[in-house]
$ cat final04.cif   # mmCIF, N, CA and C atoms
data_start
loop_
_atom_site.label_atom_id
_atom_site.label_comp_id
_atom_site.auth_asym_id
_atom_site.auth_seq_id
_atom_site.Cartn_x
_atom_site.Cartn_y
_atom_site.Cartn_z
N MET A 7 89.06 102.29 73.78
CA MET A 7 88.79 102.10 75.19
C MET A 7 90.07 102.29 76.00
N PHE A 8 91.19 101.73 75.52
CA PHE A 8 92.46 101.84 76.23
C PHE A 8 92.88 103.30 76.38
N ARG A 9 92.71 104.08 75.32
CA ARG A 9 93.07 105.50 75.37
C ARG A 9 92.24 106.24 76.41
N PHE A 10 90.97 105.91 76.48
CA PHE A 10 90.09 106.54 77.46
C PHE A 10 90.55 106.22 78.87
N LEU A 11 90.87 104.96 79.13
CA LEU A 11 91.33 104.58 80.46
C LEU A 11 92.67 105.24 80.80
N ALA A 12 93.55 105.33 79.82
CA ALA A 12 94.83 106.00 80.05
C ALA A 12 94.62 107.46 80.37
N LEU A 13 93.68 108.11 79.67
CA LEU A 13 93.38 109.51 79.92
C LEU A 13 92.80 109.70 81.32
N VAL A 14 91.89 108.83 81.72
CA VAL A 14 91.30 108.90 83.06
C VAL A 14 92.37 108.71 84.14
N ALA A 15 93.25 107.75 83.94
CA ALA A 15 94.33 107.52 84.91
C ALA A 15 95.26 108.71 85.00
N PHE A 16 95.58 109.32 83.87
CA PHE A 16 96.46 110.49 83.85
C PHE A 16 95.82 111.66 84.59
N ILE A 17 94.55 111.92 84.32
CA ILE A 17 93.85 113.03 84.98
C ILE A 17 93.72 112.76 86.47
N SER A 18 93.40 111.54 86.84
CA SER A 18 93.26 111.18 88.26
C SER A 18 94.55 111.36 89.01
N SER A 19 95.66 110.96 88.41
CA SER A 19 96.95 111.10 89.09
C SER A 19 97.29 112.57 89.27
N GLY A 20 96.94 113.41 88.32
CA GLY A 20 97.18 114.85 88.44
C GLY A 20 96.33 115.46 89.53
N LEU A 21 95.09 115.03 89.65
CA LEU A 21 94.22 115.54 90.70
C LEU A 21 94.69 115.10 92.07
N ALA A 22 95.16 113.86 92.17
CA ALA A 22 95.65 113.37 93.46
C ALA A 22 96.87 114.15 93.91
N TRP A 23 97.77 114.47 92.97
CA TRP A 23 98.96 115.23 93.32
C TRP A 23 98.58 116.64 93.73
N ALA A 24 97.64 117.25 93.01
CA ALA A 24 97.24 118.62 93.30
C ALA A 24 96.53 118.71 94.65
N ALA A 25 95.94 117.62 95.11
CA ALA A 25 95.19 117.64 96.35
C ALA A 25 96.09 117.59 97.59
N LYS A 26 97.37 117.31 97.42
CA LYS A 26 98.28 117.24 98.57
C LYS A 26 98.46 118.63 99.17
N PRO A 27 98.16 118.81 100.44
CA PRO A 27 98.40 120.10 101.08
C PRO A 27 99.90 120.39 101.16
N THR A 28 100.26 121.65 101.05
CA THR A 28 101.65 122.07 101.12
C THR A 28 101.99 122.44 102.56
N ILE A 29 103.09 121.88 103.06
CA ILE A 29 103.54 122.17 104.42
C ILE A 29 105.02 122.56 104.39
N SER A 30 105.48 123.11 105.50
CA SER A 30 106.89 123.41 105.66
C SER A 30 107.33 122.87 107.01
N VAL A 31 108.42 122.13 107.02
CA VAL A 31 108.99 121.61 108.26
C VAL A 31 110.21 122.47 108.57
N VAL A 32 110.13 123.21 109.68
CA VAL A 32 111.21 124.13 110.05
C VAL A 32 112.02 123.55 111.20
N ASP A 33 113.01 124.30 111.67
CA ASP A 33 113.96 123.80 112.66
C ASP A 33 113.31 123.26 113.94
N PHE A 34 113.93 122.20 114.46
CA PHE A 34 113.55 121.62 115.74
C PHE A 34 114.62 122.03 116.75
N LYS A 35 114.20 122.53 117.90
CA LYS A 35 115.14 122.98 118.93
C LYS A 35 115.49 121.84 119.87
N GLY A 36 116.67 121.93 120.45
CA GLY A 36 117.08 120.95 121.44
C GLY A 36 118.10 119.97 120.91
N PRO A 37 118.57 119.09 121.83
CA PRO A 37 119.58 118.10 121.43
C PRO A 37 119.03 117.14 120.38
N LYS A 38 119.81 116.88 119.36
CA LYS A 38 119.44 116.00 118.25
C LYS A 38 118.23 116.51 117.47
N GLY A 39 118.00 117.82 117.54
CA GLY A 39 116.86 118.41 116.83
C GLY A 39 116.91 118.19 115.33
N ALA A 40 118.10 118.35 114.75
CA ALA A 40 118.24 118.17 113.30
C ALA A 40 117.93 116.73 112.88
N ALA A 41 118.36 115.78 113.69
CA ALA A 41 118.11 114.37 113.36
C ALA A 41 116.62 114.03 113.44
N VAL A 42 115.95 114.53 114.46
CA VAL A 42 114.51 114.27 114.62
C VAL A 42 113.74 114.95 113.48
N LYS A 43 114.12 116.18 113.14
CA LYS A 43 113.49 116.89 112.03
C LYS A 43 113.63 116.09 110.74
N LYS A 44 114.81 115.56 110.51
CA LYS A 44 115.08 114.79 109.28
C LYS A 44 114.18 113.55 109.22
N GLN A 45 114.04 112.86 110.35
CA GLN A 45 113.19 111.66 110.40
C GLN A 45 111.74 112.00 110.09
N LEU A 46 111.23 113.04 110.77
CA LEU A 46 109.83 113.42 110.58
C LEU A 46 109.59 113.96 109.17
N SER A 47 110.52 114.74 108.66
CA SER A 47 110.38 115.29 107.31
C SER A 47 110.28 114.18 106.27
N ALA A 48 111.11 113.17 106.42
CA ALA A 48 111.10 112.06 105.47
C ALA A 48 109.72 111.41 105.39
N LYS A 49 109.09 111.22 106.52
CA LYS A 49 107.76 110.59 106.54
C LYS A 49 106.66 111.56 106.10
N LEU A 50 106.69 112.79 106.61
CA LEU A 50 105.64 113.75 106.29
C LEU A 50 105.64 114.13 104.82
N CYS A 51 106.81 114.20 104.22
CA CYS A 51 106.90 114.63 102.82
C CYS A 51 106.45 113.55 101.85
N LYS A 52 106.15 112.37 102.34
CA LYS A 52 105.54 111.34 101.51
C LYS A 52 104.03 111.56 101.42
N THR A 53 103.46 112.14 102.46
CA THR A 53 102.02 112.36 102.53
C THR A 53 101.64 113.76 102.06
N PHE A 54 102.49 114.74 102.35
CA PHE A 54 102.22 116.13 102.03
C PHE A 54 103.29 116.66 101.07
N LYS A 55 102.97 117.75 100.40
CA LYS A 55 103.97 118.41 99.56
C LYS A 55 104.76 119.35 100.47
N CYS A 56 106.06 119.11 100.59
CA CYS A 56 106.90 119.90 101.49
C CYS A 56 107.67 120.95 100.71
N VAL A 57 107.75 122.13 101.29
CA VAL A 57 108.56 123.21 100.74
C VAL A 57 109.45 123.75 101.86
N LYS A 58 110.60 124.26 101.46
CA LYS A 58 111.50 124.87 102.43
C LYS A 58 111.11 126.32 102.61
N PRO A 59 111.30 126.87 103.81
CA PRO A 59 110.98 128.29 104.00
C PRO A 59 111.84 129.15 103.09
N GLY A 60 111.22 130.09 102.40
CA GLY A 60 111.96 130.99 101.53
C GLY A 60 112.54 130.31 100.30
N ASP A 61 111.97 129.20 99.88
CA ASP A 61 112.45 128.48 98.70
C ASP A 61 112.45 129.39 97.49
N ASP A 62 113.54 129.45 96.78
CA ASP A 62 113.69 130.23 95.55
C ASP A 62 113.42 131.72 95.73
N GLY A 63 113.48 132.22 96.96
CA GLY A 63 113.32 133.64 97.22
C GLY A 63 111.90 134.16 97.00
N GLU A 64 110.94 133.28 96.84
CA GLU A 64 109.56 133.74 96.65
C GLU A 64 108.68 133.21 97.77
N ASP A 65 107.61 133.93 98.04
CA ASP A 65 106.67 133.52 99.07
C ASP A 65 105.83 132.35 98.56
N VAL A 66 105.69 131.35 99.40
CA VAL A 66 104.89 130.18 99.06
C VAL A 66 103.85 130.02 100.16
N THR A 67 102.61 129.89 99.77
CA THR A 67 101.53 129.68 100.73
C THR A 67 101.54 128.23 101.18
N VAL A 68 101.51 128.02 102.49
CA VAL A 68 101.48 126.67 103.03
C VAL A 68 100.24 126.50 103.90
N ALA A 69 99.78 125.27 104.00
CA ALA A 69 98.62 124.98 104.82
C ALA A 69 99.02 124.84 106.29
N ALA A 70 100.29 124.47 106.53
CA ALA A 70 100.75 124.28 107.91
C ALA A 70 102.28 124.37 107.98
N VAL A 71 102.76 124.76 109.16
CA VAL A 71 104.19 124.80 109.45
C VAL A 71 104.43 123.88 110.64
N VAL A 72 105.37 122.95 110.49
CA VAL A 72 105.67 121.96 111.53
C VAL A 72 107.01 122.30 112.17
N THR A 73 107.03 122.34 113.49
CA THR A 73 108.25 122.58 114.25
C THR A 73 108.21 121.73 115.51
N GLY A 74 109.32 121.69 116.24
CA GLY A 74 109.34 120.89 117.44
C GLY A 74 110.42 121.31 118.41
N GLU A 75 110.28 120.80 119.63
CA GLU A 75 111.26 121.07 120.67
C GLU A 75 111.52 119.77 121.43
N ILE A 76 112.81 119.47 121.59
CA ILE A 76 113.21 118.23 122.24
C ILE A 76 113.72 118.54 123.64
N GLU A 77 113.17 117.82 124.62
CA GLU A 77 113.58 117.95 126.02
C GLU A 77 113.44 116.61 126.70
N LYS A 78 114.46 116.20 127.41
CA LYS A 78 114.43 115.02 128.28
C LYS A 78 113.82 113.78 127.62
N GLY A 79 114.29 113.44 126.44
CA GLY A 79 113.86 112.21 125.79
C GLY A 79 112.50 112.25 125.14
N LYS A 80 111.96 113.44 124.95
CA LYS A 80 110.68 113.55 124.27
C LYS A 80 110.71 114.75 123.34
N VAL A 81 109.87 114.71 122.32
CA VAL A 81 109.75 115.82 121.40
C VAL A 81 108.29 116.29 121.41
N THR A 82 108.13 117.59 121.48
CA THR A 82 106.80 118.18 121.37
C THR A 82 106.73 118.79 119.97
N VAL A 83 105.88 118.20 119.14
CA VAL A 83 105.71 118.66 117.77
C VAL A 83 104.53 119.63 117.75
N SER A 84 104.75 120.81 117.17
CA SER A 84 103.70 121.82 117.04
C SER A 84 103.44 122.07 115.56
N VAL A 85 102.15 122.07 115.21
CA VAL A 85 101.75 122.29 113.82
C VAL A 85 100.91 123.58 113.79
N TYR A 86 101.50 124.61 113.20
CA TYR A 86 100.84 125.91 113.11
C TYR A 86 100.08 126.00 111.79
N PHE A 87 98.83 126.48 111.87
CA PHE A 87 98.00 126.57 110.67
C PHE A 87 97.35 127.93 110.53
N ASP A 88 97.34 128.74 111.59
CA ASP A 88 96.72 130.07 111.57
C ASP A 88 97.38 130.90 112.66
N GLU A 89 97.75 132.13 112.33
CA GLU A 89 98.43 132.99 113.30
C GLU A 89 97.58 133.28 114.52
N GLU A 90 96.26 133.25 114.37
CA GLU A 90 95.36 133.59 115.46
C GLU A 90 94.89 132.36 116.26
N GLN A 91 95.37 131.18 115.92
CA GLN A 91 94.94 129.95 116.59
C GLN A 91 96.12 129.27 117.27
N GLU A 92 95.84 128.52 118.29
CA GLU A 92 96.87 127.72 118.94
C GLU A 92 97.25 126.56 118.02
N PRO A 93 98.53 126.16 118.04
CA PRO A 93 98.93 125.05 117.16
C PRO A 93 98.38 123.71 117.65
N VAL A 94 98.31 122.77 116.74
CA VAL A 94 97.99 121.39 117.10
C VAL A 94 99.30 120.77 117.57
N THR A 95 99.31 120.14 118.73
CA THR A 95 100.55 119.59 119.28
C THR A 95 100.43 118.10 119.56
N ARG A 96 101.57 117.45 119.50
CA ARG A 96 101.69 116.04 119.88
C ARG A 96 102.99 115.90 120.65
N GLU A 97 102.96 115.13 121.71
CA GLU A 97 104.15 114.84 122.50
C GLU A 97 104.52 113.38 122.27
N ILE A 98 105.79 113.17 121.89
CA ILE A 98 106.25 111.83 121.54
C ILE A 98 107.51 111.50 122.33
N LYS A 99 107.54 110.31 122.92
CA LYS A 99 108.75 109.86 123.61
C LYS A 99 109.71 109.30 122.57
N LEU A 100 110.95 109.73 122.66
CA LEU A 100 111.98 109.25 121.74
C LEU A 100 112.59 107.96 122.29
N LYS A 101 113.03 107.10 121.41
CA LYS A 101 113.73 105.88 121.80
C LYS A 101 115.14 105.97 121.25
N ALA A 102 116.11 106.07 122.13
CA ALA A 102 117.53 106.21 121.75
C ALA A 102 117.73 107.40 120.83
N GLY A 103 117.00 108.49 121.09
CA GLY A 103 117.15 109.71 120.30
C GLY A 103 116.45 109.68 118.96
N LYS A 104 115.64 108.65 118.71
CA LYS A 104 114.94 108.52 117.43
C LYS A 104 113.43 108.46 117.65
N VAL A 105 112.70 108.83 116.61
CA VAL A 105 111.24 108.77 116.65
C VAL A 105 110.81 107.33 116.39
N PRO A 106 110.04 106.73 117.31
CA PRO A 106 109.58 105.36 117.08
C PRO A 106 108.58 105.30 115.92
N ALA A 107 108.55 104.18 115.24
CA ALA A 107 107.71 104.02 114.05
C ALA A 107 106.24 104.34 114.32
N ALA A 108 105.72 103.94 115.47
CA ALA A 108 104.31 104.17 115.79
C ALA A 108 103.99 105.66 115.93
N ALA A 109 104.96 106.48 116.23
CA ALA A 109 104.72 107.91 116.45
C ALA A 109 104.49 108.68 115.16
N PHE A 110 104.96 108.17 114.04
CA PHE A 110 104.78 108.88 112.78
C PHE A 110 103.30 109.07 112.44
N LYS A 111 102.49 108.09 112.76
CA LYS A 111 101.04 108.17 112.50
C LYS A 111 100.43 109.32 113.31
N SER A 112 100.88 109.49 114.55
CA SER A 112 100.37 110.55 115.41
C SER A 112 100.72 111.93 114.86
N VAL A 113 101.94 112.09 114.38
CA VAL A 113 102.37 113.38 113.83
C VAL A 113 101.63 113.66 112.52
N THR A 114 101.47 112.65 111.68
CA THR A 114 100.72 112.82 110.43
C THR A 114 99.29 113.23 110.72
N SER A 115 98.67 112.63 111.73
CA SER A 115 97.29 113.00 112.07
C SER A 115 97.22 114.43 112.61
N ALA A 116 98.26 114.88 113.31
CA ALA A 116 98.29 116.26 113.80
C ALA A 116 98.34 117.24 112.63
N VAL A 117 99.13 116.92 111.62
CA VAL A 117 99.21 117.79 110.44
C VAL A 117 97.88 117.78 109.70
N LYS A 118 97.27 116.62 109.54
CA LYS A 118 95.97 116.54 108.86
C LYS A 118 94.92 117.33 109.63
N GLU A 119 94.93 117.24 110.95
CA GLU A 119 93.99 117.99 111.79
C GLU A 119 94.20 119.50 111.61
N ALA A 120 95.46 119.94 111.60
CA ALA A 120 95.76 121.35 111.44
C ALA A 120 95.33 121.85 110.07
N VAL A 121 95.60 121.06 109.03
CA VAL A 121 95.22 121.46 107.67
C VAL A 121 93.70 121.58 107.58
N ALA A 122 92.98 120.62 108.16
CA ALA A 122 91.52 120.67 108.15
C ALA A 122 91.01 121.87 108.94
N SER A 123 91.65 122.19 110.04
CA SER A 123 91.24 123.35 110.85
C SER A 123 91.46 124.65 110.11
N GLY A 124 92.52 124.70 109.33
CA GLY A 124 92.85 125.91 108.60
C GLY A 124 91.97 126.14 107.39
N THR A 125 91.38 125.08 106.84
CA THR A 125 90.57 125.23 105.64
C THR A 125 89.09 125.36 105.96
N ASP A 126 88.61 124.59 106.92
CA ASP A 126 87.18 124.62 107.25
C ASP A 126 87.00 124.27 108.72
N PRO A 127 86.79 125.28 109.58
CA PRO A 127 86.66 125.02 111.01
C PRO A 127 85.55 124.03 111.35
N ASP A 128 84.44 124.06 110.59
CA ASP A 128 83.35 123.13 110.87
C ASP A 128 83.75 121.70 110.58
N ALA A 129 84.53 121.49 109.52
CA ALA A 129 84.98 120.15 109.17
C ALA A 129 85.94 119.62 110.23
N ALA A 130 86.79 120.49 110.75
CA ALA A 130 87.73 120.06 111.79
C ALA A 130 86.97 119.64 113.04
N ALA A 131 85.97 120.40 113.43
CA ALA A 131 85.19 120.07 114.62
C ALA A 131 84.45 118.75 114.41
N ALA A 132 83.90 118.57 113.21
CA ALA A 132 83.18 117.33 112.91
C ALA A 132 84.11 116.14 112.89
N SER A 133 85.33 116.31 112.36
CA SER A 133 86.26 115.18 112.32
C SER A 133 86.72 114.79 113.72
N MET A 134 86.73 115.73 114.62
CA MET A 134 87.13 115.41 115.99
C MET A 134 86.02 114.70 116.73
N THR A 135 84.76 114.95 116.35
CA THR A 135 83.65 114.26 117.00
C THR A 135 83.25 113.00 116.25
N GLY A 136 83.74 112.84 115.03
CA GLY A 136 83.49 111.62 114.28
C GLY A 136 82.27 111.68 113.40
N SER A 137 81.66 112.86 113.19
CA SER A 137 80.49 112.93 112.33
C SER A 137 80.47 114.24 111.57
N LEU A 138 79.70 114.27 110.53
CA LEU A 138 79.52 115.50 109.76
C LEU A 138 78.09 115.94 109.76
#
$ encode --input "final04.cif" --output "structure tokens"
Amino acid sequence: MFRFLALVAFISSGLAWAAKPTISVVDFKGPKGAAVKKQLSAKLCKTFKCVKPGDDGEDVTVAAVVTGEIEKGKVTVSVYFDEEQEPVTREIKLKAGKVPAAAFKSVTSAVKEAVASGTDPDAAAASMTGSL
């Protein structure tokens, strides 16, 4: 029985890891852009599998690309998921040049929305209305 449970746990953990969408967090423009990018990357890479652009010189397919622009104490985060679609955006006010803790949830939801839009447009529309 123990071996069976260990096998189920091992397979489940592998499936959970494989289910993480792959994203890339690229440069943020503006003052303190690198610092804001670092903060957001740290949080997003816990939820999603992050890859660097051009990692190892090979093309890697990603579900979304996250970028941002900082102006006048706020950052506009854009999540691109399809070349033919407008990005999902979130505007966040910075506190002392840093992303407030409550804002990370908003950015994570923007990435999840973009990933859902890129994989199944009907599912994205349903998730925005709250039903399937």
$ closest_residue --input "final04.cif" --among "A:Ala48, A:Val66, A:Ala107, A:Ile98" --to "Gly79 in chain A" --atoms "only N, CA and C atoms"
A:Ile98
$ resolve_selection --input "final04.cif" --expression "the PyMOL selection byres ((chain A and resi 36) around 7)" --output "list in words"
Phe34, Lys35, Pro37, Lys38, Gly39, Ala40, Gly74, Glu75, Ile76 and Glu77 of chain A
$ write_last_selection --input "final04.cif" --atoms "N, CA and C atoms" --output "tab-separated table (two decimals), in the coordinates of the input"
chain	number	residue	atom	x	y	z
A	34	PHE	N	113.93	122.20	114.46
A	34	PHE	CA	113.55	121.62	115.74
A	34	PHE	C	114.62	122.03	116.75
A	35	LYS	N	114.20	122.53	117.90
A	35	LYS	CA	115.14	122.98	118.93
A	35	LYS	C	115.49	121.84	119.87
A	37	PRO	N	118.57	119.09	121.83
A	37	PRO	CA	119.58	118.10	121.43
A	37	PRO	C	119.03	117.14	120.38
A	38	LYS	N	119.81	116.88	119.36
A	38	LYS	CA	119.44	116.00	118.25
A	38	LYS	C	118.23	116.51	117.47
A	39	GLY	N	118.00	117.82	117.54
A	39	GLY	CA	116.86	118.41	116.83
A	39	GLY	C	116.91	118.19	115.33
A	40	ALA	N	118.10	118.35	114.75
A	40	ALA	CA	118.24	118.17	113.30
A	40	ALA	C	117.93	116.73	112.88
A	74	GLY	N	109.32	121.69	116.24
A	74	GLY	CA	109.34	120.89	117.44
A	74	GLY	C	110.42	121.31	118.41
A	75	GLU	N	110.28	120.80	119.63
A	75	GLU	CA	111.26	121.07	120.67
A	75	GLU	C	111.52	119.77	121.43
A	76	ILE	N	112.81	119.47	121.59
A	76	ILE	CA	113.21	118.23	122.24
A	76	ILE	C	113.72	118.54	123.64
A	77	GLU	N	113.17	117.82	124.62
A	77	GLU	CA	113.58	117.95	126.02
A	77	GLU	C	113.44	116.61	126.70
$ closest_residue --input "final04.cif" --among "A:Gly124, A:Pro27, A:Pro106, A:Pro59" --to "Asp88 in chain A" --atoms "only N, CA and C atoms"
A:Gly124
$ residues_near_point --input "final04.cif" --point "(107.2, 123.4, 99.1)" --cutoff "12 Å" --atoms "only C-alpha atoms" --output "list in words"
Lys26, Pro27, Thr28, Ile29, Ser30, Val31, Val32, Ser47, Cys51, Phe54, Lys55, Cys56, Val57, Lys58, Pro59, Gly60, Asp61, Asp62, Glu64, Asp65, Val66, Thr67, Val68, Ala69, Ala70 and Val71 of chain A
$ atom_distance --input "final04.cif" --atom1 "atom N of Val121 in chain A" --atom2 "atom C of Phe87 in chain A"
7.2 Å
$ select_by_dssp --input "final04.cif" --residues "range 7-118 of chain A" --states "helix (DSSP H, G or I)" --output "ChimeraX atom specification"
/A:8-24,39-53,61-63,109-118
$ atom_distance --input "final04.cif" --atom1 "CA of Val105 in chain A" --atom2 "CA of Leu50 in chain A"
12.8 Å
$ atom_distance --input "final04.cif" --atom1 "atom N of Lys52 in chain A" --atom2 "CA of Lys80 in chain A"
22.4 Å
$ closest_residue --input "final04.cif" --among "A:Tyr86, A:Leu46, A:Val81, A:Arg96" --to "Phe110 in chain A" --atoms "only N, CA and C atoms"
A:Leu46
$ closest_residue --input "final04.cif" --among "A:Thr95, A:Lys44, A:Glu89, A:Lys101" --to "Val113 in chain A" --atoms "only N, CA and C atoms"
A:Thr95
$ closest_residue --input "final04.cif" --among "A:Ala116, A:Val42, A:Val83, A:Ala25" --to "Ala102 in chain A" --atoms "only C-alpha atoms"
A:Val42
